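J.: Okay, here's the structure, questions in a sec.
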Amino acid sequence: MPRSYKSQKNEMLQGTLDMLILRTLITGPAHGHTIAHVIERTSDEVLQVEQGSLYPALHRLEDRGWVSSYWGASENNRKAKFYKLTPAGRKQLLAETSRWRQLVGAIGRVLGEAQG
Amino acid sequence: MRLSRFFHRRDHDANLAQELDAHLQHEADDYIAQGFSQEEATRLARVKLGSTTRVREDVWQWNSLAFEGILRDLSYSARTLLRTPGFAIMAIVVMALGIGANTALFSVVHSVLLKPLPFADPDRLVMLYERSVDTNYPFNIIAPGVYAEWKKDAKSFQSMAIFGSGSYNLSGDSGQLPERIEAVRASADFFPTLGIKPAYGRVFDSSDDQPQAEATVVLSWGLWKRRFGGNPSIIGTKILLNGSRYTVIGIMPAWFAYPDVQTEVWTGFHREIPPKDLTALDNHSFNAIARLKPGVSLEQALSEIDNISRHLREQYGANLPAISLGANLRLLLEDVIHDFKTPLYVLLAATDCVLLIACLNVANLLIARATTRRKEVAIRAALGGSRWRLLREQLSETLLLCAAGGSLGLVLAYFAVRWLVGVRQDIAREEAIRMDWVAIVFTVGTTLLSALLAGLIPAFSTSGKASLLALQESSRSHTGAQGKTRLRKLLLSLEVALTVVLLIAAGLLLKSYEKLRSSDMGCVTDNVLTMRLSLPETKYAETAQRAAFFEELLRRLRSLPGASFAALVNVVPGQGYGGDNIVTIPEHPPVPPGQVQIARRRFADPGYFAALEIPLVHGRIFTDQERVERADKVVISQLLARDFFPNEDPIGKHLVVDLNLDGHPRPYEVVGIVGDTRYHISEPPQPMMYFSMSSGVSRRAVIVLRSHQDVNALAIPAQQVVESLDKDLPVAYVLTLNQLIGASTIEASFTSTLILAFATLSLILASVGLYGVLSYLVEQRTSEIGVRIALGAQRDQVLRLMLFDGLRPALIGLVIGLLAGAAASQLIRRMLYGVRPLDTATFIAVAVVLVAVATFSCLVPAWHASRLDPMRALRVE
C-alpha cells in the first residue's frame, strides 16, 4: 500500500501548508521554489514539502485573495512567478497562527495529563 | 469567482505550466551547483517535483464545475447512442409513446378528478339527494317539499339552495333567429352557496326570487359573447325568453360552468316555478346543493337530513306512497365526476402499463447491448474505471433516452389532450382540462423514474464479478451470459403479463361496446331524423292551443316531399328518462301500503308507432278524434301489461294518472298494447304508457321524420315548416336517431378503443422483446447448435428446442397475466355491459392471440437456428 506509506512519512496536518506558505511570505515576495526551500530549511529538513501539492496550494491561496502574484526575474536571473502576501493574507496568517498555538497547547495538555 | 476561474482555466493552465517549468529550472540550477551534469540535474529535478501533469490536472479539475462530469457523461452517451441510431430511435419512440400517453391521461385525471372545484371552500359543498322508495336510486333527485323541510330544520348547513334545469326559447325583437337555450332555475342562495360572484352586474337576491317579482336573468359568459357581442351595457336591458321580457342583471365569469357547460342562463327559481309545485313531498324533479357549516362532518349532516326525511315518510307515507325513504348526500366534486371516475382511472392505469412495458423493453434492449459491450466495460473496469462511474454512464444513457422520449411525449400529450377534449365534450369539467405545470412536473418525474428503472435493471446485471468473468471467459463458453439471459426472460414474462392484462381489459370492454351497440331499441333507428321544440307557456297557455299547433305541424310535415313518415312524440327512444307517474288501477284492489306502481309517461301522435315500427301487439291506437278533453285513452307497453295486468286482458281497464300534477288524477282507458322500447340504450326497458299528443298536456315535442332517401335533407325543410307556423319558435338538437343513441355510447366506444390501442401497442412491444431475446439466445448458442447438428440432431428437433426456449417466458407471462387479468376485470366490472368480468370467451381469445403472436415472433430466430450450417457455425469462433 504505497500511498499510506508515503503519508506516514511527511503528512502535514490539513491547512498547515497554507499557513507555512503565508509565514514564509512575511519576509517578502518569493517564488514557489524558494518557498519550498525556505520551509524545508527553517524546519531543519523535518518538513518535506511535497512539491506536487505546493502549486495547487499557492493557486488556492491566490484565489482566496491571501496572496497576489506577478512575474519577475529570480536571483538566478530566470523568469519566475513571485507571490506576495496581501493584507487579507496577513490577517489570515495571524488567525491561523493563534488557532495553531491553541491546538498545540491543547494537544500538549492532553499528552501531559496522559503521561502524568 | 468560480465561474471566472472556469472560463479562464486554459490561461491558468498555461500560466501554471510556465511556473512549473521555472521551478524545474531552479531545482536543476541547485543540482548543477552541487556538481551534477546538466542532464542528470534536469532528471533529478523532475523526479523531485513528480508529475507536472498531475499538478496541472489537479488545478484544472479544481477550476472545473461539478456538472461538467455529468455533461461529459451525457456527451459520451450521446455519441454511444448515435453509433446505434436504430436502437436509439426505437427506444425514444417507445418511451415517447409511454410517457406521452401517461402525461395526457394524467392531465385529464388531474384536471377532472383531482383539482378542487373552482368554488370557495369546495370541500364544504355537498349535493343533497333522496333515497327513492324502490331503492333503485339511492341518489335520487329531490322533491321541493322535502327540501323546504330540510332548509327549515337542518342545522348542519350554512346555506342551502334548490335548482332545476329547463330551457327557454330565446328570440330577438328585430328578426334575429330564435334559439333554444339550456337554463337553470336557481334559488337566491345558489350563487352565494357556491361562493361565486358575477363578472358584471349582480346575481339574484331574495327579492328577485319571488313569484311576483320582475323577471330577471343572469347570462353565461359564452351566451353574452355569442349573442350580445360581449357588450356590458346589456345589463339592465330586457331580453325575450319564451316570449316574456327578462331584465339582464348579471354576467357570470367565463370559467363558470355549473351545473354544466350547456347552461347558458340562470333564472330565479321561485319566480319561474309556480308555488303550487313547490309543496309536493313526492314530486322528485329538482336538485339541491348546500354548504356545510365549518367543522360539521358529512356524516353529521347526512344523519340530520336523513332523520328529517324518515320522519316525513312516517308522517305522510300512507297517503303519499312515492315519498322517499330517506336522504343522502355526497361532496359536490364527487357528484360532478362520479360517472367518469372509473373509466378515467382505468385509462390511466392502462397508460401506466404501457409505460412500464416501454421501460422494460428499453431495459431489455440495454441489456442486449450491454452484453455486446461486455468486454469493453470489463477492460475499462480493469483499467480503473470505478463501478460508480460505469453505472453513472449507463444511467446517463437511459436518462438521455428518456429525456428525448419525455420531450417528444410531452408534445404527443399536448395533442392527445386537445384531441381528447374535442372528442369527449361529455366529460364533466371538460372545460377545465388542460396541461398545466403539474402535468409538466409529472412528466419530468415520470421521465426520471423511467430512466432510473430502465437504467438500473441492466446496471444490476453488470456486477463487478461478472466483468471479471467477461475477461476470463473464452469466446466459446456462454456461461457468463446466462445470468443476463435469465434477467431478460424475467423482464419478458413481466411484459407479456402486463400485455395480457391490457388485452383482457380491451377484450371485455370491446365486447361490452358491441353488446351495447347491438342492443335492441325496440324500434327502427336507421334513417330517422329528430328535432326538438317546446311551446312557451305565454303564447300557448291553453291545451287546445297546443293540440291545434301540433296537429297543424303534423299536417304540414306529412306533406313534405321525401318524408315517408312524420310523427310527434315528447321523448324518443334512447333520449332518456323523460318523466314518469304513479299509476293506480281502479279495477284492481289497492296496492299494499308502501308500494307503488310507476310507469314512464310518453305523449305520441297516432302515427308515431307506425313511423318507428313499434309493433301494435293488441287492441288499437287512439284516433285523431280523441283530442284535448276527449283524449282519455292510453296505449301501454307489453312490459306494463305483463307487470300491472298479469294473467288478464288490460284492454278496457283503466289507468288513473295525475298527468297535470294538479292533484286531480283522471282515469284513462287502455285501448292497445305496443312493443317495448328502451329509454336509454344501456338500460332495460321500463313499463311505459302513451297518451295522445293531441291531449295538449305536453308542451315539448320531438319531430320524428323517416325517409327512404338521405333523411338529413329533410332538416332544413322541416325547420322551415316550424318557422312558417311560429317564427319565434326555435328548433333544437337536430340529430338522427342513431346519432342521438350513439352519443350515449361514446363513453364505451372511447374507452374500449383507447384500451385496445394500448393493448396492441403493448403486444407489439412484447413481441419485439421476444424476438430480440430469442435471436440473441440463438446467437449465443450458435456453436452449441452447430455441434448438435454435426452430431446428428434433426433440424426440426433444433427448431422445437429453440422455440420452446423462447416461448417459455411468454407462457409464464401468459399465466401470470391471466390471473392478474381476472383480478383487474373485477375492477372494471361497473364499466361492463352484458359481459361477465370472467368472460371465458374473452380470456381464451386473449390466450390464443398471445400464443400465436409469441410463436410467430419466436419462429424466425428458431428457424434460423435450425438452418445453421454446422461447419460455418463451428468456424465462427
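Ligands are numbered from 1 in the order shown, residues from 1 within each chain, and chains are lettered A, B, ... in the order they appear in the C-alpha cells.
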Quick one: residues within 10 Å of segment 67-81 of chain A, only C-alpha atoms counted, chain neighbours fewer than 5 positions away excluded, as a ChimeraX atom specification?
T.: /A:21-22,25,29-34,58-62,86-90 /B:15-16,18-23,25-26,29
J.: Let me see the file: selected residues, C-alpha atoms, as a PDB file, in the first residue's frame.
T.:
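Okay, this is what ended up in part-v7.pdb:
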ATOM      1  CA  ILE A  21       3.448  29.389   2.934  1.00  0.00           C
ATOM      2  CA  LEU A  22       1.885  32.555   4.324  1.00  0.00           C
ATOM      3  CA  LEU A  25       5.996  35.225   2.547  1.00  0.00           C
ATOM      4  CA  PRO A  29       7.808  38.167  -2.056  1.00  0.00           C
ATOM      5  CA  ALA A  30       9.156  34.781  -3.179  1.00  0.00           C
ATOM      6  CA  HIS A  31       8.615  32.254  -5.968  1.00  0.00           C
ATOM      7  CA  GLY A  32       7.482  28.656  -5.489  1.00  0.00           C
ATOM      8  CA  HIS A  33      10.928  27.091  -5.485  1.00  0.00           C
ATOM      9  CA  THR A  34      12.210  29.472  -2.811  1.00  0.00           C
ATOM     10  CA  LEU A  58      -0.447  28.589  -3.985  1.00  0.00           C
ATOM     11  CA  HIS A  59      -3.162  28.669  -6.563  1.00  0.00           C
ATOM     12  CA  ARG A  60      -5.819  28.252  -3.895  1.00  0.00           C
ATOM     13  CA  LEU A  61      -4.326  30.989  -1.696  1.00  0.00           C
ATOM     14  CA  GLU A  62      -4.283  33.382  -4.616  1.00  0.00           C
ATOM     15  CA  THR A  86      -1.806  40.670   0.811  1.00  0.00           C
ATOM     16  CA  PRO A  87      -3.258  42.473   3.882  1.00  0.00           C
ATOM     17  CA  ALA A  88      -6.011  39.864   3.953  1.00  0.00           C
ATOM     18  CA  GLY A  89      -3.385  37.146   3.887  1.00  0.00           C
ATOM     19  CA  ARG A  90      -1.588  38.798   6.784  1.00  0.00           C
TER      20      ARG A  90
ATOM     21  CA  ASN B  15       0.469  30.001 -16.646  1.00  0.00           C
ATOM     22  CA  LEU B  16       0.901  27.057 -14.327  1.00  0.00           C
ATOM     23  CA  GLN B  18       5.287  28.030 -17.211  1.00  0.00           C
ATOM     24  CA  GLU B  19       5.532  28.315 -13.453  1.00  0.00           C
ATOM     25  CA  LEU B  20       6.309  24.611 -13.072  1.00  0.00           C
ATOM     26  CA  ASP B  21       8.870  24.894 -15.821  1.00  0.00           C
ATOM     27  CA  ALA B  22      10.559  27.734 -13.922  1.00  0.00           C
ATOM     28  CA  HIS B  23      10.510  25.611 -10.777  1.00  0.00           C
ATOM     29  CA  GLN B  25      14.949  25.095 -13.900  1.00  0.00           C
ATOM     30  CA  HIS B  26      15.592  26.489 -10.419  1.00  0.00           C
ATOM     31  CA  ASP B  29      20.256  25.008 -11.101  1.00  0.00           C
TER      32      ASP B  29
END
J.: Pull the closest atom pair for each residue of chain B that gets at most 12 Å from chain A, along with the distance in Å to one decimal, counting only C-alpha atoms, ordering rows by chain and then ascending residue number, as a Markdown table.
T.:
| residue | atom | partner | partner_atom | distance |
| --- | --- | --- | --- | --- |
| B:Met1 | CA | A:Asp63 | CA | 8.3 |
| B:Arg2 | CA | A:Asp63 | CA | 9.2 |
| B:Ser4 | CA | A:Asp63 | CA | 10.8 |
| B:Arg5 | CA | A:Asp63 | CA | 8.8 |
| B:Arg9 | CA | A:His59 | CA | 11.8 |
| B:His12 | CA | A:His59 | CA | 9.4 |
| B:Asp13 | CA | A:His59 | CA | 10.8 |
| B:Asn15 | CA | A:Lys81 | CA | 9.1 |
| B:Leu16 | CA | A:Tyr55 | CA | 8.1 |
| B:Ala17 | CA | A:Tyr55 | CA | 10.5 |
| B:Gln18 | CA | A:Ala80 | CA | 8.4 |
| B:Glu19 | CA | A:Lys81 | CA | 6.1 |
| B:Leu20 | CA | A:Tyr55 | CA | 8.1 |
| B:Asp21 | CA | A:Ala80 | CA | 9.1 |
| B:Ala22 | CA | A:Ala80 | CA | 5.8 |
| B:His23 | CA | A:His33 | CA | 5.5 |
| B:Leu24 | CA | A:His33 | CA | 8.4 |
| B:Gln25 | CA | A:Arg78 | CA | 8.3 |
| B:His26 | CA | A:His33 | CA | 6.8 |
| B:Glu27 | CA | A:His33 | CA | 7.3 |
| B:Ala28 | CA | A:His33 | CA | 10.9 |
| B:Asp29 | CA | A:Asn76 | CA | 8.3 |
| B:Asp30 | CA | A:Asn76 | CA | 10.1 |
| B:Ala33 | CA | A:Asn76 | CA | 11.5 |
| B:Ala45 | CA | A:Gln51 | CA | 10.6 |
| B:Arg46 | CA | A:Gln51 | CA | 10.5 |
| B:Val47 | CA | A:Gln51 | CA | 10.4 |
| B:Lys48 | CA | A:Gln51 | CA | 7.4 |
| B:Leu49 | CA | A:Gln51 | CA | 5.3 |
| B:Gly50 | CA | A:Gly52 | CA | 6.3 |
| B:Ser51 | CA | A:Gly52 | CA | 7.4 |
| B:Thr52 | CA | A:Gly52 | CA | 7.4 |
| B:Thr53 | CA | A:Gly52 | CA | 9.7 |
| B:Arg54 | CA | A:Gly52 | CA | 7.8 |
| B:Val55 | CA | A:Gly52 | CA | 5.7 |
| B:Arg56 | CA | A:Pro56 | CA | 8.2 |
| B:Glu57 | CA | A:Pro56 | CA | 9.8 |
| B:Asp58 | CA | A:Pro56 | CA | 7.2 |
| B:Val59 | CA | A:Pro56 | CA | 5.8 |
| B:Trp60 | CA | A:Pro56 | CA | 9.6 |
| B:Gln61 | CA | A:Pro56 | CA | 10.7 |
| B:Trp62 | CA | A:Pro56 | CA | 8.9 |
| B:Asn63 | CA | A:Arg60 | CA | 10.0 |
J.: Write the residues you've just listed into a file as a compact mmCIF listing (two decimals), in the first residue's frame, and include C-alpha atoms for each of them.
T.:
# COMPACT_ATOMS: atom_id res chain seq x y z
CA MET B 1 -15.47 33.65 -8.63
CA ARG B 2 -15.63 30.03 -9.57
CA SER B 4 -14.46 33.24 -13.88
CA ARG B 5 -11.91 30.57 -12.96
CA ARG B 9 -8.86 27.81 -16.86
CA HIS B 12 -4.47 29.43 -15.84
CA ASP B 13 -3.15 26.16 -17.11
CA ASN B 15 0.47 30.00 -16.65
CA LEU B 16 0.90 27.06 -14.33
CA ALA B 17 2.86 25.11 -16.94
CA GLN B 18 5.29 28.03 -17.21
CA GLU B 19 5.53 28.31 -13.45
CA LEU B 20 6.31 24.61 -13.07
CA ASP B 21 8.87 24.89 -15.82
CA ALA B 22 10.56 27.73 -13.92
CA HIS B 23 10.51 25.61 -10.78
CA LEU B 24 12.25 22.76 -12.59
CA GLN B 25 14.95 25.10 -13.90
CA HIS B 26 15.59 26.49 -10.42
CA GLU B 27 15.79 22.99 -8.98
CA ALA B 28 18.11 21.93 -11.79
CA ASP B 29 20.26 25.01 -11.10
CA ASP B 30 20.65 23.80 -7.49
CA ALA B 33 25.63 23.87 -8.31
CA ALA B 45 14.59 17.96 -10.58
CA ARG B 46 11.80 16.17 -12.46
CA VAL B 47 11.89 13.25 -10.06
CA LYS B 48 11.66 15.58 -7.08
CA LEU B 49 8.71 17.55 -8.42
CA GLY B 50 6.87 14.48 -9.59
CA SER B 51 4.32 14.55 -12.38
CA THR B 52 3.70 18.10 -13.59
CA THR B 53 0.69 16.81 -15.50
CA ARG B 54 -0.79 15.57 -12.27
CA VAL B 55 -0.39 19.01 -10.68
CA ARG B 56 -1.94 20.65 -13.72
CA GLU B 57 -4.80 18.14 -13.74
CA ASP B 58 -5.47 18.77 -10.07
CA VAL B 59 -5.68 22.50 -10.56
CA TRP B 60 -7.70 22.03 -13.74
CA GLN B 61 -10.23 19.87 -12.00
CA TRP B 62 -10.40 22.28 -9.12
CA ASN B 63 -11.25 25.00 -11.62
J.: Can you list, as a PyMOL selection string, every protein, DNA or RNA residue that comes within 9 Å of Leu298 of chain B when you count only C-alpha atoms, leaving out same-chain residues fewer than 4 positions away?
T.: chain B and resi 124+126+292+302-303+329-331
J.: Neighbouring residues of segment 194-210 of chain B were defined as those with any atom within 8 Å, considering only C-alpha atoms; residues of the same chain fewer than 3 positions away were excluded. Please report them as an NGL selection string.
T.: :B and (119-120 or 122 or 125 or 187-191 or 213-216 or 218 or 232 or 235 or 249-253 or 268-271 or 291)
J.: What gap, in Å, lies between atom CA of Ala732 of chain B and atom CA of Asn581 of chain B?
T.: 26.2 Å
J.: Using only C-alpha atoms, tabulate the residues of segment 399-436 of chain B lying at most 8 Å from any atom of segment 92-116 of chain B, each with its closest atom pair and that distance in Å to one decimal, by chain and increasing residue number, as JSON lines.
T.:
{"residue": "B:Leu401", "atom": "CA", "partner": "B:Ile92", "partner_atom": "CA", "distance": 5.6}
{"residue": "B:Cys402", "atom": "CA", "partner": "B:Met95", "partner_atom": "CA", "distance": 6.2}
{"residue": "B:Ala404", "atom": "CA", "partner": "B:Ile92", "partner_atom": "CA", "distance": 6.3}
{"residue": "B:Gly405", "atom": "CA", "partner": "B:Ala96", "partner_atom": "CA", "distance": 4.1}
{"residue": "B:Gly406", "atom": "CA", "partner": "B:Ala96", "partner_atom": "CA", "distance": 5.6}
{"residue": "B:Ser407", "atom": "CA", "partner": "B:Ala96", "partner_atom": "CA", "distance": 7.5}
{"residue": "B:Leu408", "atom": "CA", "partner": "B:Ala96", "partner_atom": "CA", "distance": 5.5}
{"residue": "B:Gly409", "atom": "CA", "partner": "B:Gly100", "partner_atom": "CA", "distance": 3.7}
{"residue": "B:Leu410", "atom": "CA", "partner": "B:Gly100", "partner_atom": "CA", "distance": 5.6}
{"residue": "B:Val411", "atom": "CA", "partner": "B:Gly100", "partner_atom": "CA", "distance": 7.4}
{"residue": "B:Leu412", "atom": "CA", "partner": "B:Gly100", "partner_atom": "CA", "distance": 5.4}
{"residue": "B:Ala413", "atom": "CA", "partner": "B:Ala104", "partner_atom": "CA", "distance": 4.5}
{"residue": "B:Tyr414", "atom": "CA", "partner": "B:Ala104", "partner_atom": "CA", "distance": 6.9}
{"residue": "B:Ala416", "atom": "CA", "partner": "B:Ala104", "partner_atom": "CA", "distance": 6.1}
{"residue": "B:Val417", "atom": "CA", "partner": "B:Ala104", "partner_atom": "CA", "distance": 5.5}
{"residue": "B:Ala428", "atom": "CA", "partner": "B:Val112", "partner_atom": "CA", "distance": 7.0}
{"residue": "B:Arg429", "atom": "CA", "partner": "B:Val112", "partner_atom": "CA", "distance": 5.8}
{"residue": "B:Glu430", "atom": "CA", "partner": "B:Val112", "partner_atom": "CA", "distance": 7.1}
{"residue": "B:Ala432", "atom": "CA", "partner": "B:Ser111", "partner_atom": "CA", "distance": 6.0}
{"residue": "B:Ile433", "atom": "CA", "partner": "B:Ser111", "partner_atom": "CA", "distance": 5.1}
{"residue": "B:Arg434", "atom": "CA", "partner": "B:Ser107", "partner_atom": "CA", "distance": 6.5}
{"residue": "B:Met435", "atom": "CA", "partner": "B:Ser107", "partner_atom": "CA", "distance": 5.5}
{"residue": "B:Asp436", "atom": "CA", "partner": "B:Ser107", "partner_atom": "CA", "distance": 7.7}
J.: From a DSSP pass on the backbone, collect the residues of chain A flagged as alpha helix (DSSP H) and hand them back as a count of residues only.
T.: 72
J.: If you count only C-alpha atoms, which residues fall within 9 Å of Thr279 of chain B, apart from same-chain ones fewer than 5 positions away, as a CSV table (one decimal) with N, CA and C atoms, in the first residue's frame?
T.:
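The resulting file, selection.csv, is reproduced below:
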chain,number,residue,atom,x,y,z
B,143,ALA,N,-87.6,16.2,-4.0
B,143,ALA,CA,-88.9,16.9,-4.1
B,143,ALA,C,-88.8,18.2,-3.3
B,144,PRO,N,-89.5,19.2,-3.9
B,144,PRO,CA,-89.3,20.6,-3.3
B,144,PRO,C,-89.8,20.7,-1.9
B,145,GLY,N,-90.9,19.9,-1.6
B,145,GLY,CA,-91.4,19.9,-0.2
B,145,GLY,C,-90.5,19.4,0.8
B,146,VAL,N,-89.8,18.4,0.4
B,146,VAL,CA,-88.7,17.8,1.3
B,146,VAL,C,-87.6,18.8,1.5
B,148,ALA,N,-87.8,22.0,1.4
B,148,ALA,CA,-88.3,23.0,2.3
B,148,ALA,C,-88.1,22.6,3.8
J.: Determine, counting only C-alpha atoms, which protein, DNA and RNA residues have an atom within 6 Å of an atom of segment 784-798 of chain B; residues of the same chain fewer than 2 positions away are not included. Present the result as a list in words.
T.: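 Returned residues: Arg781, Thr782, Arg800, Leu801, Ser866, Pro870, Ala873 and Leu874 of chain B.
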J.: Please identify all polymer residues within 8 Å of Ala506 of chain B, counting only C-alpha atoms, omitting same-chain residues fewer than 6 positions from it, and present them as a VMD selection string.
T.: chain B and resid 752 to 753 755 to 756 759
J.: Which residue is closest to Val704 of chain B? Choose from B:Ser783, B:Thr525, B:Asn364, B:Thr842 and count only C-alpha atoms.
T.: B:Thr525
J.: For the strand (DSSP E or B) assignment from backbone DSSP, which residues of segment 23-84 of chain A qualify? Please present them as a list in words.
T.: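 Taking segment 23-84 of chain A and keeping strand (DSSP E or B) gives Ala30, His31, Val67, Ser68, Ser69, Tyr70, Trp71, Gly72, Ala73, Lys79, Ala80, Lys81, Phe82, Tyr83 and Lys84 of chain A.
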J.: Please dump the current selection as a PDB file, in the first residue's frame; keep N, CA and C atoms.
T.:
ATOM      1  N   ALA A  30       8.275  35.897  -2.827  1.00  0.00           N
ATOM      2  CA  ALA A  30       9.156  34.781  -3.179  1.00  0.00           C
ATOM      3  C   ALA A  30       8.476  33.948  -4.249  1.00  0.00           C
ATOM      4  N   HIS A  31       9.250  33.160  -5.015  1.00  0.00           N
ATOM      5  CA  HIS A  31       8.615  32.254  -5.968  1.00  0.00           C
ATOM      6  C   HIS A  31       8.541  30.856  -5.373  1.00  0.00           C
ATOM      7  N   VAL A  67      -2.811  35.853  -1.187  1.00  0.00           N
ATOM      8  CA  VAL A  67      -1.544  36.231  -1.827  1.00  0.00           C
ATOM      9  C   VAL A  67      -1.876  36.790  -3.197  1.00  0.00           C
ATOM     10  N   SER A  68      -0.918  37.643  -3.713  1.00  0.00           N
ATOM     11  CA  SER A  68      -1.056  38.087  -5.091  1.00  0.00           C
ATOM     12  C   SER A  68       0.223  37.655  -5.816  1.00  0.00           C
ATOM     13  N   SER A  69       0.154  37.641  -7.140  1.00  0.00           N
ATOM     14  CA  SER A  69       1.326  37.121  -7.853  1.00  0.00           C
ATOM     15  C   SER A  69       1.726  38.045  -8.990  1.00  0.00           C
ATOM     16  N   TYR A  70       2.976  37.956  -9.362  1.00  0.00           N
ATOM     17  CA  TYR A  70       3.478  38.703 -10.537  1.00  0.00           C
ATOM     18  C   TYR A  70       4.668  37.944 -11.092  1.00  0.00           C
ATOM     19  N   TRP A  71       4.916  38.149 -12.356  1.00  0.00           N
ATOM     20  CA  TRP A  71       6.077  37.506 -12.982  1.00  0.00           C
ATOM     21  C   TRP A  71       7.277  38.440 -12.854  1.00  0.00           C
ATOM     22  N   GLY A  72       8.402  37.893 -12.430  1.00  0.00           N
ATOM     23  CA  GLY A  72       9.619  38.720 -12.275  1.00  0.00           C
ATOM     24  C   GLY A  72      10.871  37.878 -12.537  1.00  0.00           C
ATOM     25  N   ALA A  73      12.042  38.515 -12.341  1.00  0.00           N
ATOM     26  CA  ALA A  73      13.301  37.790 -12.541  1.00  0.00           C
ATOM     27  C   ALA A  73      13.785  37.273 -11.194  1.00  0.00           C
ATOM     28  N   LYS A  79      13.189  33.730 -15.295  1.00  0.00           N
ATOM     29  CA  LYS A  79      11.820  34.228 -15.168  1.00  0.00           C
ATOM     30  C   LYS A  79      11.081  33.340 -14.152  1.00  0.00           C
ATOM     31  N   ALA A  80      10.397  33.953 -13.184  1.00  0.00           N
ATOM     32  CA  ALA A  80       9.689  33.146 -12.182  1.00  0.00           C
ATOM     33  C   ALA A  80       8.460  33.900 -11.708  1.00  0.00           C
ATOM     34  N   LYS A  81       7.493  33.134 -11.186  1.00  0.00           N
ATOM     35  CA  LYS A  81       6.262  33.758 -10.692  1.00  0.00           C
ATOM     36  C   LYS A  81       6.437  33.993  -9.197  1.00  0.00           C
ATOM     37  N   PHE A  82       6.363  35.266  -8.813  1.00  0.00           N
ATOM     38  CA  PHE A  82       6.549  35.641  -7.418  1.00  0.00           C
ATOM     39  C   PHE A  82       5.204  35.797  -6.727  1.00  0.00           C
ATOM     40  N   TYR A  83       5.186  35.375  -5.444  1.00  0.00           N
ATOM     41  CA  TYR A  83       3.965  35.531  -4.645  1.00  0.00           C
ATOM     42  C   TYR A  83       4.227  36.518  -3.530  1.00  0.00           C
ATOM     43  N   LYS A  84       3.204  37.317  -3.218  1.00  0.00           N
ATOM     44  CA  LYS A  84       3.341  38.391  -2.238  1.00  0.00           C
ATOM     45  C   LYS A  84       2.148  38.328  -1.287  1.00  0.00           C
TER      46      LYS A  84
END
